[in-house]
Amino acid sequence: MRLVLLSLAALIAVSLGINLLFEANVPGEPPSTAAHLAFPEPPGVARKKIEAEIDRGSPDYARFFQRLHAVLPAEYGTILDGFAKQAANGSDVSNVDALVSQAVRDVRLSNGVVAAKADGPALSHIFDMQLAMMQALAVKDARLCVDFLYGGASQAFFAFAAQNRPLVTAMATAGLEAIGSGRVNQIQRQPPSAADFDALQSAMKSQGLSDVEIAAILEGKTPDPPIPDARMCTVGQIYLKTLAALPEPVRLRIYGLAVELMARS
């Protein structure tokens, strides 16, 4: 049971790294072409201007909002109305990174648990995108990769998100598509067992990870001396690749519970 809980904690830490990519007001992000002041118009007018600003500010984020409108039309309306009310109350809503940030958080809190009921491909794609993000971060800076792995954040981390909107959008959309699949398929999975996590640990060892490295990823232990960032980044990628290679029933049980816990966190 201890291994089960520790392994889930590790999964959630990696998953929460996604949320850090969507923190509002990315440091260093230049202002968009919209006016810096809030829209003083009534909410209905402000909403139209916000939608237009999203379209102008980032084609990638615009596609995310279009997909949000298609998958969760009521949620889309609620979120955009919320933006409009913020504008009417004097808030600056010209930062498209901040708007995506808030939309992703709202969707995760209101519908994220449904993603655990998605079909196998949609559920797995969430974690495929986590691996893709780690790989991109590894090329940029191993420290940022480790930050993502453990759910840490820094100005450099936020700046990376603002500079890599297509990848960030793909991650956000993967979660959205899993929610859509979960609403349709309503797959009920059993929670993972201790044997499932024993299989994960054994598979990680077979990939060449040492006991110290496994403890670092599953238990969050910092060895003395610490594992270098470049190696820890590699360990994190091996971890996600190993999960992806587990037998499908085992893998989907772990993924499903991790997504459910992440939505409730």
# chains A, B, ... in the order shown; residues from 1 in each chain; ligands from 1
$ residues_around --residues "stretch 167-183 of chain A" --least-positions-apart "6" --cutoff "6 Å" --atoms "only C-alpha atoms" --output "count of residues only"
9
$ select_by_dssp --residues "stretch 95-212 of chain A" --states "helix (DSSP H, G or I)" --output "PyMOL selection string"
chain A and resi 96-117+120-140+142-150+155-163+165-185+194-206+211-212
$ residues_around --residues "A:Ile54" --least-positions-apart "3" --cutoff "12 Å" --atoms "only C-alpha atoms" --output "list of chain:residue names"
A:Ser32, A:Thr33, A:Ala34, A:Arg47, A:Lys48, A:Lys49, A:Ile50, A:Glu51, A:Gly57, A:Ser58, A:Pro59, A:Asp60, A:Tyr61, A:Ala62, A:Arg63, A:Phe64, A:Phe65, A:Gln66, A:Leu80, A:Phe83, A:Val93, A:Ser94, A:Asn95, A:Val96, A:Asp97, A:Ala98, A:Leu99, A:Val100
$ residues_around --residues "A:Asp141" --least-positions-apart "4" --cutoff "12 Å" --atoms "only C-alpha atoms" --output "PyMOL selection string"
chain A and resi 133-137+145-148+156-157+160+229-230+233
$ closest_residue --among "A:Gly120, A:Gly220, A:Gly44, A:Gly208" --to "A:Pro249" --atoms "only C-alpha atoms"
A:Gly120
$ residues_around --residues "A:Arg231" --least-positions-apart "6" --cutoff "12 Å" --atoms "only C-alpha atoms" --output "list in words"
Ala138, Ala142, Arg143, Cys145, Val146, Leu209, Ser210, Glu213, Ala216, Ile217, Gln237 and Ile238 of chain A
$ write_last_selection --atoms "N, CA and C atoms" --output "PDB file, in the first residue's frame"
ATOM      1  N   ALA A 138      13.711  19.131 -21.693  1.00  0.00           N
ATOM      2  CA  ALA A 138      15.059  18.588 -21.577  1.00  0.00           C
ATOM      3  C   ALA A 138      15.999  19.236 -22.583  1.00  0.00           C
ATOM      4  N   ALA A 142      17.650  21.205 -18.531  1.00  0.00           N
ATOM      5  CA  ALA A 142      17.360  20.044 -17.687  1.00  0.00           C
ATOM      6  C   ALA A 142      16.712  20.452 -16.367  1.00  0.00           C
ATOM      7  N   ARG A 143      17.068  21.636 -15.859  1.00  0.00           N
ATOM      8  CA  ARG A 143      16.469  22.098 -14.608  1.00  0.00           C
ATOM      9  C   ARG A 143      14.977  22.313 -14.768  1.00  0.00           C
ATOM     10  N   CYS A 145      13.094  20.754 -16.851  1.00  0.00           N
ATOM     11  CA  CYS A 145      12.528  19.409 -16.967  1.00  0.00           C
ATOM     12  C   CYS A 145      12.253  18.832 -15.584  1.00  0.00           C
ATOM     13  N   VAL A 146      13.196  18.998 -14.674  1.00  0.00           N
ATOM     14  CA  VAL A 146      13.025  18.492 -13.312  1.00  0.00           C
ATOM     15  C   VAL A 146      11.942  19.285 -12.579  1.00  0.00           C
ATOM     16  N   LEU A 209      17.118   1.571 -14.141  1.00  0.00           N
ATOM     17  CA  LEU A 209      17.089   2.531 -13.043  1.00  0.00           C
ATOM     18  C   LEU A 209      17.536   1.861 -11.750  1.00  0.00           C
ATOM     19  N   SER A 210      18.331   2.580 -10.985  1.00  0.00           N
ATOM     20  CA  SER A 210      18.814   2.067  -9.713  1.00  0.00           C
ATOM     21  C   SER A 210      17.757   2.245  -8.631  1.00  0.00           C
ATOM     22  N   GLU A 213      17.442   5.871  -7.810  1.00  0.00           N
ATOM     23  CA  GLU A 213      16.682   6.630  -8.799  1.00  0.00           C
ATOM     24  C   GLU A 213      15.195   6.338  -8.708  1.00  0.00           C
ATOM     25  N   ALA A 216      13.842   8.152  -5.827  1.00  0.00           N
ATOM     26  CA  ALA A 216      13.752   9.589  -6.105  1.00  0.00           C
ATOM     27  C   ALA A 216      12.477   9.916  -6.883  1.00  0.00           C
ATOM     28  N   ILE A 217      12.094   9.043  -7.818  1.00  0.00           N
ATOM     29  CA  ILE A 217      10.927   9.327  -8.651  1.00  0.00           C
ATOM     30  C   ILE A 217       9.624   8.899  -7.981  1.00  0.00           C
ATOM     31  N   GLN A 237      11.681  10.678 -17.742  1.00  0.00           N
ATOM     32  CA  GLN A 237      11.205  10.223 -19.052  1.00  0.00           C
ATOM     33  C   GLN A 237      11.104   8.705 -19.099  1.00  0.00           C
ATOM     34  N   ILE A 238      12.073   8.024 -18.504  1.00  0.00           N
ATOM     35  CA  ILE A 238      12.007   6.558 -18.446  1.00  0.00           C
ATOM     36  C   ILE A 238      10.784   6.121 -17.655  1.00  0.00           C
TER      37      ILE A 238
END
$ closest_residue --among "A:Lys140, A:Leu252, A:Ala194, A:Pro226" --to "A:Asn164" --atoms "only C-alpha atoms"
A:Lys140
$ closest_residue --among "A:Ser101, A:Gln190, A:Gln163, A:Gln130" --to "A:Arg251" --atoms "only C-alpha atoms"
A:Gln190
$ atom_distance --atom1 "atom CA of A:Ser202" --atom2 "atom CA of A:Gln188"
26.7 Å
$ atom_distance --atom1 "atom CA of A:Ser124" --atom2 "atom CA of A:Tyr255"
7.2 Å
$ residues_around --residues "A:Asp211" --least-positions-apart "4" --cutoff "12 Å" --atoms "only C-alpha atoms" --output "list of chain:residue names"
A:Gln201, A:Ser202, A:Met204, A:Lys205, A:Ser206, A:Gln207, A:Ala215, A:Ala216, A:Ile217, A:Leu218, A:Glu219, A:Lys221, A:Pro223, A:Val235
$ write_last_selection --atoms "N, CA, C and O atoms" --output "short mmCIF file (atom, residue, chain, number, x, y, z; two decimals), in the first residue's frame"
data_model
loop_
_atom_site.label_atom_id
_atom_site.label_comp_id
_atom_site.auth_asym_id
_atom_site.auth_seq_id
_atom_site.Cartn_x
_atom_site.Cartn_y
_atom_site.Cartn_z
N GLN A 201 7.37 -0.95 -10.66
CA GLN A 201 8.70 -0.85 -10.07
C GLN A 201 9.65 -1.85 -10.72
O GLN A 201 10.80 -1.51 -11.03
N SER A 202 9.18 -3.06 -10.95
CA SER A 202 10.02 -4.06 -11.60
C SER A 202 10.39 -3.65 -13.01
O SER A 202 11.53 -3.84 -13.46
N MET A 204 10.64 -0.60 -14.14
CA MET A 204 11.62 0.49 -14.06
C MET A 204 13.02 -0.05 -13.82
O MET A 204 14.00 0.42 -14.40
N LYS A 205 13.13 -1.05 -12.96
CA LYS A 205 14.44 -1.67 -12.73
C LYS A 205 14.97 -2.31 -14.00
O LYS A 205 16.17 -2.24 -14.30
N SER A 206 14.08 -2.93 -14.77
CA SER A 206 14.51 -3.57 -16.01
C SER A 206 14.99 -2.57 -17.03
O SER A 206 15.71 -2.93 -17.98
N GLN A 207 14.61 -1.29 -16.87
CA GLN A 207 15.06 -0.24 -17.77
C GLN A 207 16.37 0.39 -17.30
O GLN A 207 16.81 1.40 -17.86
N ALA A 215 13.62 5.42 -5.99
CA ALA A 215 13.15 6.08 -4.79
C ALA A 215 12.97 7.58 -5.02
O ALA A 215 12.04 8.20 -4.52
N ALA A 216 13.84 8.15 -5.83
CA ALA A 216 13.75 9.59 -6.10
C ALA A 216 12.48 9.92 -6.88
O ALA A 216 11.83 10.93 -6.63
N ILE A 217 12.09 9.04 -7.82
CA ILE A 217 10.93 9.33 -8.65
C ILE A 217 9.62 8.90 -7.98
O ILE A 217 8.61 9.58 -8.08
N LEU A 218 9.65 7.78 -7.24
CA LEU A 218 8.42 7.29 -6.63
C LEU A 218 8.17 7.84 -5.24
O LEU A 218 7.02 7.97 -4.81
N GLU A 219 9.24 8.14 -4.52
CA GLU A 219 9.09 8.58 -3.14
C GLU A 219 9.48 10.04 -2.93
O GLU A 219 9.31 10.58 -1.83
N LYS A 221 12.44 11.18 -2.76
CA LYS A 221 13.63 11.27 -1.91
C LYS A 221 14.76 11.97 -2.66
O LYS A 221 14.97 11.74 -3.85
N PRO A 223 18.58 12.03 -2.84
CA PRO A 223 19.76 11.31 -2.35
C PRO A 223 20.92 12.24 -2.07
O PRO A 223 20.93 13.40 -2.52
N VAL A 235 15.54 10.08 -15.97
CA VAL A 235 14.80 9.15 -15.12
C VAL A 235 13.31 9.40 -15.24
O VAL A 235 12.50 8.46 -15.35
#
$ atom_distance --atom1 "atom CA of A:Ala195" --atom2 "atom CA of A:Ala245"
15.9 Å
